[in-house]
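Engineer: Sending over upload28.tsv (TSV, C-alpha atoms).
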```
chain	number	residue	atom	x	y	z
A	210	MET	CA	0.99	28.34	10.07
A	211	LYS	CA	-0.95	25.79	12.06
A	212	THR	CA	0.42	27.24	15.34
A	213	ILE	CA	-0.62	30.79	14.39
A	214	THR	CA	-4.14	29.64	13.50
A	215	MET	CA	-4.46	27.69	16.74
A	216	THR	CA	-3.23	30.67	18.79
A	217	PHE	CA	-5.66	32.96	16.97
A	218	VAL	CA	-8.58	30.58	17.68
A	219	LEU	CA	-7.63	30.34	21.38
A	220	VAL	CA	-7.41	34.14	21.71
A	221	ILE	CA	-10.80	34.61	20.03
A	222	PHE	CA	-12.33	31.87	22.18
A	223	SER	CA	-10.91	33.46	25.35
A	224	LEU	CA	-12.29	36.87	24.38
A	225	VAL	CA	-15.73	35.42	23.71
A	226	ILE	CA	-15.76	33.74	27.13
A	227	ILE	CA	-14.69	36.98	28.85
A	228	VAL	CA	-17.38	39.00	27.07
A	229	LEU	CA	-20.11	36.44	27.73
A	230	SER	CA	-19.18	36.07	31.41
A	231	GLY	CA	-20.27	39.68	31.97
A	232	CYS	CA	-23.72	38.88	30.54
A	233	PHE	CA	-24.64	36.35	33.19
A	234	LYS	CA	-25.86	37.66	36.52
A	235	THR	CA	-25.39	35.78	39.72
A	236	ILE	CA	-28.72	34.76	41.19
A	237	PRO	CA	-28.62	35.06	44.98
A	238	LEU	CA	-29.73	31.99	46.87
A	239	PRO	CA	-32.89	32.44	48.92
A	240	VAL	CA	-32.22	33.12	52.57
A	241	SER	CA	-33.93	30.91	55.11
A	242	GLU	CA	-36.57	32.73	57.17
A	243	THR	CA	-34.56	32.04	60.32
A	244	ALA	CA	-30.95	32.02	59.00
A	245	CYS	CA	-28.40	34.43	60.49
A	246	THR	CA	-24.71	35.03	61.00
A	247	THR	CA	-24.93	37.74	63.69
A	248	ASP	CA	-27.54	39.00	66.14
A	249	ALA	CA	-28.08	41.99	63.83
A	250	ASP	CA	-29.50	39.63	61.17
A	251	CYS	CA	-32.41	38.77	63.47
A	252	ALA	CA	-35.53	40.81	64.17
A	253	CYS	CA	-38.95	40.44	65.71
A	254	GLY	CA	-42.28	41.88	64.60
A	255	THR	CA	-44.72	40.49	62.07
A	256	HIS	CA	-44.04	38.29	59.06
A	257	LYS	CA	-43.97	40.37	55.88
A	258	THR	CA	-46.07	37.82	54.00
A	259	THR	CA	-48.50	36.40	56.56
A	260	GLY	CA	-48.75	39.30	59.02
A	261	ALA	CA	-48.45	36.88	61.95
A	262	CYS	CA	-46.19	37.64	64.91
A	263	PHE	CA	-42.78	36.33	63.88
A	264	PHE	CA	-39.08	36.40	64.70
A	265	GLY	CA	-36.37	35.43	62.26
A	266	ASN	CA	-34.16	36.84	59.52
A	267	GLN	CA	-34.76	40.59	59.24
A	268	GLU	CA	-35.49	40.25	55.50
A	269	PHE	CA	-38.75	38.51	56.40
A	270	VAL	CA	-39.77	40.68	59.39
A	271	ASN	CA	-41.84	43.86	59.33
A	272	VAL	CA	-40.43	45.72	62.33
A	273	GLU	CA	-42.96	48.55	61.87
A	274	LYS	CA	-45.70	46.29	63.26
A	275	GLN	CA	-44.57	44.93	66.61
A	276	CYS	CA	-45.92	42.17	68.83
A	277	PRO	CA	-44.47	43.25	72.21
A	278	ASP	CA	-45.71	40.34	74.33
A	279	PHE	CA	-44.60	37.90	71.63
A	280	CYS	CA	-41.18	39.46	70.99
A	281	THR	CA	-40.01	40.30	74.49
A	282	GLY	CA	-42.46	38.42	76.70
A	283	ILE	CA	-44.88	39.98	79.18
A	284	ALA	CA	-42.09	40.75	81.64
A	285	ALA	CA	-39.56	41.73	78.91
A	286	MET	CA	-37.58	38.59	79.63
A	287	PHE	CA	-36.84	37.51	76.05
A	288	GLU	CA	-34.61	38.76	73.27
A	289	ILE	CA	-33.91	37.55	69.74
A	290	LYS	CA	-30.37	36.25	69.19
A	291	CYS	CA	-28.46	34.38	66.51
A	292	VAL	CA	-27.77	30.93	67.98
A	293	ASN	CA	-26.03	28.31	65.81
A	294	SER	CA	-26.81	30.29	62.63
A	295	GLU	CA	-30.53	30.48	63.43
A	296	CYS	CA	-32.58	33.30	64.97
A	297	LYS	CA	-33.90	32.16	68.33
A	298	GLN	CA	-35.89	33.71	71.14
A	299	VAL	CA	-33.77	33.36	74.28
A	300	ARG	CA	-34.39	34.26	77.89
A	301	ILE	CA	-32.46	37.23	79.22
A	302	ASN	CA	-30.48	36.24	82.28
A	303	PRO	CA	-31.50	38.59	85.07
A	304	VAL	CA	-28.78	40.21	87.12
A	305	PRO	CA	-28.80	38.46	90.51
A	306	ALA	CA	-29.62	40.64	93.50
A	307	PRO	CA	-26.60	41.46	95.64
A	308	GLN	CA	-26.26	39.26	98.69
A	309	ALA	CA	-26.35	40.97	102.05
A	310	GLU	CA	-23.23	40.46	104.12
A	311	CYS	CA	-23.68	39.00	107.56
```
So, in terms of structure tokens, how does the structure I just supplied come out?

Structural biologist:
Amino acid sequence: MKTITMTFVLVIFSLVIIVLSGCFKTIPLPVSETACTTDADCACGTHKTTGACFFGNQEFVNVEKQCPDFCTGIAAMFEIKCVNSECKQVRINPVPAPQAEC
């Protein structure tokens, strides 16, 4: 009798835990303003909160309002890349001019 009661209590307890586990929602952790995993996570434009020219995680960037000289540089020599899990502005390596043969 004691075994049946104990089994019944364990089954009820398990069911309660299963039902209650569906009630709790996972709260996503806040993403860093500059965190990324791929280049596609990064963007450049203005900060959604401050309105200042900004590059970083696309969740914080308003790409509708661009800052061309800030994002790409005056000579379009910069791009935004994910480097070591952080959005960075990096210089584009120009293609070297072909050498003339002598």

Engineer: Given the choices A:Asp248, A:Glu268, A:Glu273, A:Asp278, which gets closest to Lys290 (chain A) if the distance is worked out from all atoms listed in the file?

Structural biologist: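 Counting all atoms listed in the file, the residue closest to Lys290 (chain A) is A:Asp248.
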
Engineer: Show me, as a list in words, the residues that have an atom within 7 Å of Val299 (chain A) when counting all atoms listed in the file, minus same-chain residues fewer than 6 positions from it.

Structural biologist: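 So the residues in contact are Phe287, Glu288, Ile289 and Lys290 of chain A.
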
Engineer: Choose the residue, out of A:Ala285, A:Ala249, A:Ile213, A:Leu219, that has the smallest atom-to-atom separation from Gln267 (chain A); count only C-alpha atoms.

Structural biologist: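 Result for the nearest residue to Gln267 (chain A): A:Ala249.
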
Engineer: Report, in Å to a single decimal, how far apart CA of Thr255 (chain A) and CA of Cys276 (chain A) are.

Structural biologist: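 About the pair CA of Cys276 (chain A) and CA of Thr255 (chain A): they are 7.1 Å apart.
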
Engineer: Name the residues in contact with Thr246 (chain A) at a cut-off of 12 Å, using all atoms listed in the file, excluding same-chain residues fewer than 6 positions from it; report them as a ChimeraX atom specification.

Structural biologist: /A:240,265-267,290-296

Engineer: Selection from above, C-alpha atoms, as a JSON list (two decimals), in the frame of the given file, can you write it?

Structural biologist:
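Result went into selection_38.json, see below:
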```
[["chain", "number", "residue", "atom", "x", "y", "z"],
["A", 240, "VAL", "CA", -32.22, 33.12, 52.57],
["A", 265, "GLY", "CA", -36.37, 35.43, 62.26],
["A", 266, "ASN", "CA", -34.16, 36.84, 59.52],
["A", 267, "GLN", "CA", -34.76, 40.59, 59.24],
["A", 290, "LYS", "CA", -30.37, 36.25, 69.19],
["A", 291, "CYS", "CA", -28.46, 34.38, 66.51],
["A", 292, "VAL", "CA", -27.77, 30.93, 67.98],
["A", 293, "ASN", "CA", -26.03, 28.31, 65.81],
["A", 294, "SER", "CA", -26.81, 30.29, 62.63],
["A", 295, "GLU", "CA", -30.53, 30.48, 63.43],
["A", 296, "CYS", "CA", -32.58, 33.30, 64.97]]
```

Engineer: Return the single residue from A:Ser241, A:Thr247, A:Thr281, A:Ser223 that is closest to Phe269 (chain A), with distances computed using all atoms listed in the file.

Structural biologist: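 Looking at the shortest contact to Phe269 (chain A), the residue is A:Ser241.
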
Engineer: Could you tell me which of A:Val272, A:Ile221, A:Cys245, A:Ile226 comes closest to Lys257 (chain A) if we count all atoms listed in the file?

Structural biologist: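 Smallest separation from Lys257 (chain A) among the options: A:Val272.
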
Engineer: Please measure the separation of CA of Ala284 (chain A) and CA of Gln298 (chain A), giving the value in Å to one decimal.

Structural biologist: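 Computed distance, CA of Ala284 (chain A) to CA of Gln298 (chain A), equals 14.1 Å.
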
Engineer: Work out how far apart CA of Cys253 (chain A) and CA of Ile301 (chain A) are and give it in Å to one decimal.

Structural biologist: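 CA of Ile301 (chain A) lies at a distance of 15.3 Å from CA of Cys253 (chain A).
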